[in-house]
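All remarks here apply to the structure that follows.
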Amino acid sequence: MSCPDYSQSSEDHQCLLVIVKLIGTHLKSKSYHRLFDRISRLNNVRIADQQRGVWLRYRKSYPKENNDWGDFQAHRKVVGLLCVGKITSNADIENLSKDYEQMKKYYANTLYDSRCLLFGVLADDSDLFDDGPSVEKNGSETLDAGNKNIDCPEEVILESDHASQKNNLPNKTEPLQQNLRSGVIVYPSAECCIQLEDHLKDYVSSLFWVLESKRLDRSYEKLEKLPLLLAPFERVDGITIDNEGRSFKKRCQGRLRKHIGDLCLLAGLPGEAISHYSSAADNLRSVNDWLWLGAALEGLCAASAVILYPELHKPGSLTRNSSFGGSGDLLGSRQPRHRSGFSKTSKKAGSFTSSSLPSGIDRYDYKVKNCLTPDEIIEKYKEVVLQYSKFKAACVIETEASIKATRILILQQQNLLASEFLKNLLFINIQLSDEEKIQRYCALSHLYSQIGMERKAAFFKRVAAMQCVAPSNPNPAWFQCYNLLLETLKGYKLSVDPKEFMYGCKSGWPVIQIRLLHELVVTAKRMGNTAVAIRHMQFLLHNMDNHLSDEERREMASMLESCTAKVEGTPSPLVLDTGTILPAVPFTRLPKIRSFKIQDLAPHLRPHSKARKNFVPPPNNSPFIYSPIQFGSIGRERSKLKIEYEWIQGDVCEVAMQVYNPMPLELKVSNMSVLAEGGALEAFPASLSLPAESGPYPVNLLSCPHAAGDINIVGYSMTVLGVKSQCRFRDIPQFKQHKYAVKVVPALPKLQLQTSLAKSATFTSMADSGSIISSGSLSLYAGQSHDCAVVLTNISTLQISELLVTLDSKLSKQKSSAFFTWDDEQLQKSLPLEPESSTNLTLHITAIADFLLQDSILADVDTSRGDISRSTSRCGSRKGSTASFSGFSETYPMKTVEALLKFEYSGGPGMDAEHFRECSVSLHVEVQSSLLFTKWDVLPAEVPSMCYLVFDLLNTTDQEMEVYYSTDRCMLIEAEETTRIPYQVERCPLDKVTELTTAGDSIEHICRQHVASLVDIRWQCPALDIAGFASIAEIPWSESMVDLIRMSPIEWEILLNGQLYVANAEISYSVGEMVRIAVNINAHTDFFEDDITLNIQCYQDHQNGVLDYMPLDKFSFEGSRLIHITQAELHQQYQHHCSLLFFCSGQYKLDVFCSSKTIQQDSSPSTIHTWKCTPVIDVSIAE
């Protein structure tokens, strides 16, 4: 044998070898292979009336020199022949029959039986059996060939016996009978051969019975001289053997015993085969017949393996594919012949698996004598290889024995020992052709892969690839070399798929991997497939760049650019002729992306949803404060993939990236754009040039959506080094999300804003300041007003149909509405606003302030009131008197008012979808102090229904100021000076107080609003040509002041010596005269929550700020001057009488008042309300 069979295994020793040959030229190669696959699936046949089965192996071709080794090992002998062909006419039958006979002669020395399977007898075209009687088929049934209605004619068997009995066939069949011999089966077509399997089983049975007859043949025992079986090279070499001695007889007996053992193993009797092999080995060992001793030991190992591993072969007949219905067409199946491998088993050593055992005996408990254990099988195989190695001509047999031993060791999971057998293969010297060397190295690679030595398997596969293009090979097979190199990638822990190659992780051997990729590039170029070479260069430069030097990276980049100049690098996978797919290699690291952020639209261009704006979250009706079960968490996880903000149809949108170049060369990137799915997105490509090893550089990718809906941003595309890359986030490890979902809303118009004010120099501190597109700055004095014009321009192609103006500021809602005012009705009349048209909005700005000196607010109000009342009764100007104002500040801080004038507008398709845009104008108003109230007080007037409001006014400007008050009064205040003005107003009526307190307002607030509505103070600075007003709306009033501002709830009637006292009347009495005082009280009980106290005081006012309340030597009271009045008594008119006796002359004052103490509900001190009888009674006492 010149070339080993690398598919050999120990199971082949029990298989009959059958050759399936193609004859003729009409049967296509594809149909022949499909027929071979169908036939080869019948690898085991149970023999009728026997408890044994026959195993078969099929070959399409078999060298004759291999068949000559059939005496040495019976399983190498061709015992069966199947010829298949197609006929289209009678002439084809004669030609095919001749080819069939020649094939039988070729294997005549070893052939047991043969068959010729012909396809193509068509009922429509052949009148072979028209006029004669029916021809026998399948033993009992007949076929009328002239019947045109049969869809699938049955097979016709023409045998010599049948032909001799059918003398009445027409003449046209006589040549067929004369030329065809036994074993020819004709089928209508390759698709209609239902009983092919049955015929094959009959054929296998005939092979078995021939084999059984040879196994049972003992005719050689009657011979005087036993025949000597020889190996082919023993015949050629003419080995001289003494054929007369005892050793010769033992040699002959040993070889015959070994041959009978082969036949027993083929006949399904491994137990008997072991017995013959053992006996043969003993005889051959005694006569030093080393070659045949190795063969006997190899047979012993094979028979033991068959017994030890019953799953070595699994009996089974050819099953029909149900997808072909009843036509019997199994030719479409491409399942290769299943070679049963070894599987690990726990069966006892020597257990017999034959089913021919006596009944009642378990086949696993039946021990076969001399059956080897698994370890003994390996030891015997070592001896087998040793014996074969003694003969140079047995190198092929030695190689196959090593392969069989390796497969046994693979089954036993003894991988290291299996590698020793494979290593032995390398030292076996066999003269092989280049093609046979490639086959040898591929077989070694496959076996090394089975024992888990992937790198060594890859090494031999790579050696086979290099053998394809060896210098000695006149016709280098570059295509085969490339395919073999691709198969080595796994062994070197390399993959052409960048997703399976972990960048930066140490896996495999980088030097070998780089060399292998270089070889793939060179091989692809020699194949003429530049696109494949570019793909491998992409992988090498992108995934192995961290193992390349700077010079190697420059060189590889230059090679890639030169190749892409001829063939452009595509981002799509490449499909090779073998069906292998080379995935795309996107340059996700050339350049590297540090950040990728989808930008929201500018704040003034962002869309807003009306539904979201008006959304009110449902109340939490759950009884639990906290629950660990997060309902809706799946929805929230999905929502993470969606960008919170939205894009607008027709607007230019932006994606911000940061890139840097890790390569030692300038990297030119072109056509860089966003990669999107699910919507119409027009991208505007960007180009950039990155210096070597530099970055990061900001890159903004612009795009414009042309339709509303959802768009998924899945990556970016670009062209680098002539290669188009589609870089998706799922291929970039640093990106946790595979896509970014952006919602695109329908188109909306755009609005531009301009103001007549100067642009503000400072930025606003308002929270919602992103939508500002214009600003205005203004400086006003407190109380001053100014008009501002805001120009609104529609700069889009859609009309603005809705427009809403709102104001946002840090002031209270009431102050904001007074500070900024505009005419909204006039603005709505200008709608809709057509494209490229404008409208104006007049904004009226009034500088509202509290007009209070901060130190005065912090000072005690009652003390301030006492200062005013005691200082002087004359109201006038006090220049530069800082002593009169405790804590007076010389500087007056400027107040800044910030506001946003917001415009919500919509139109076009976006308005139909309930979306709008929002833009705003930032207003910055500086309010300077003009006129301040430093002190204030409330004094009773001459009339009980009136009171005086007294104010100290401070001019904080650097110019003189005119102050107008009380309708017709004017006072001039110099810069930084203070003056005091009285302002007489009506007291707040009790009915008004009653009405508003019922509505929930406090009495202090009611009184404040009352006096603020009555007091009108205006100022004017002629030098600055400005004017304004001063408001007292923010002045805080104390409880005592409030009691004077509102009308007293008590009506007084005082009688002096029986005469009713009239206000401002002159009253005089003499010293020693008793003055009888009668006080009648009529109270409004709704204003009293507790009892009150009536108090009558007499004192002298010395007009120097000193009031003498208890001059005991000047007057005396008769009766009680302090009376407690209950609430029940207040419901009626209450009267109190007392007398007063004066001892000295002079001016006296009588002060009659009532007080009540109100207890607060909180911890604050109690409040005392006092109601006086006004005016104070002046009494003159004469001598």
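In the structure tokens, each chain is lettered A, B, ... as it comes, each chain's residues begin at 1, and ligands are numbered from 1 in order of appearance.
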
Practice task
Pick out the residues sitting within 8 Å of segment 1055-1067 of chain A, and hand them over as a ChimeraX atom specification; count only C-alpha atoms, and ignore anything fewer than 6 positions along from it in its own chain.
Solution key: /A:942,1075-1079,1174-1175,1177-1180

Quote the spacing between atom CA of Pro1022 of chain A and atom CA of Pro893 of chain A in Å to one decimal place.
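Atom-to-atom, atom CA of Pro1022 of chain A and atom CA of Pro893 of chain A are spaced 23.1 Å apart.
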
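Distances from A:Asp850, A:Ala470, A:Val791, A:Gly271 to Lys437 of chain A were compared using only C-alpha atoms, and the smallest one belongs to A:Ala470.
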
Hey, which of A:Leu111, A:Val1015, A:Val1071, A:Ile408 ends up closest to Ala1030 of chain A? Count only C-alpha atoms.
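Ranking A:Leu111, A:Val1015, A:Val1071, A:Ile408 by distance to Ala1030 of chain A, first place goes to A:Val1015.
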
message = Give me the residues near Lys610 of chain A as a list in words, where near means some atom within 7 Å (using only C-alpha atoms) and where sequence neighbours in that chain fewer than 2 positions away do not count.
response = His608, Arg612, Lys613, Asn614, Glu914 and His915 of chain A

Just give me the gap between atom CA of Pro607 of chain A and atom CA of Glu836 of chain A in Å, one decimal is fine.
->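 Calculated distance between atom CA of Pro607 of chain A and atom CA of Glu836 of chain A is 20.9 Å.
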
Using only C-alpha atoms, which residues sit within 10 Å of Tyr965 of chain A once same-chain residues fewer than 4 positions away are excluded, as a ChimeraX atom specification? /A:969-971,981-983,1015-1019

Just want the 10 Å neighbourhood of Phe1029 of chain A, counted on only C-alpha atoms, with same-chain residues fewer than 6 positions away dropped. Output as a tab-separated table (two decimals) with C-alpha atoms, in the first residue's frame.
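Just written: out09.tsv:
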chain	number	residue	atom	x	y	z
A	781	TYR	CA	-35.92	104.81	40.47
A	782	ALA	CA	-38.46	103.32	42.83
A	783	GLY	CA	-41.92	104.37	41.67
A	784	GLN	CA	-40.74	105.28	38.14
A	785	SER	CA	-42.34	103.71	34.99
A	847	ALA	CA	-40.45	100.04	39.55
A	848	ILE	CA	-42.36	98.72	42.54
A	851	PHE	CA	-40.10	102.50	50.10
A	930	SER	CA	-35.91	107.39	45.49
A	931	LEU	CA	-38.07	108.28	48.51
A	963	VAL	CA	-43.17	115.68	47.01
A	964	TYR	CA	-46.89	116.05	46.29
A	1016	ASP	CA	-51.36	109.28	47.24
A	1017	ILE	CA	-47.78	110.53	47.50
A	1018	ARG	CA	-45.91	111.44	44.32
A	1019	TRP	CA	-42.45	112.79	43.72
A	1020	GLN	CA	-40.66	114.55	40.91
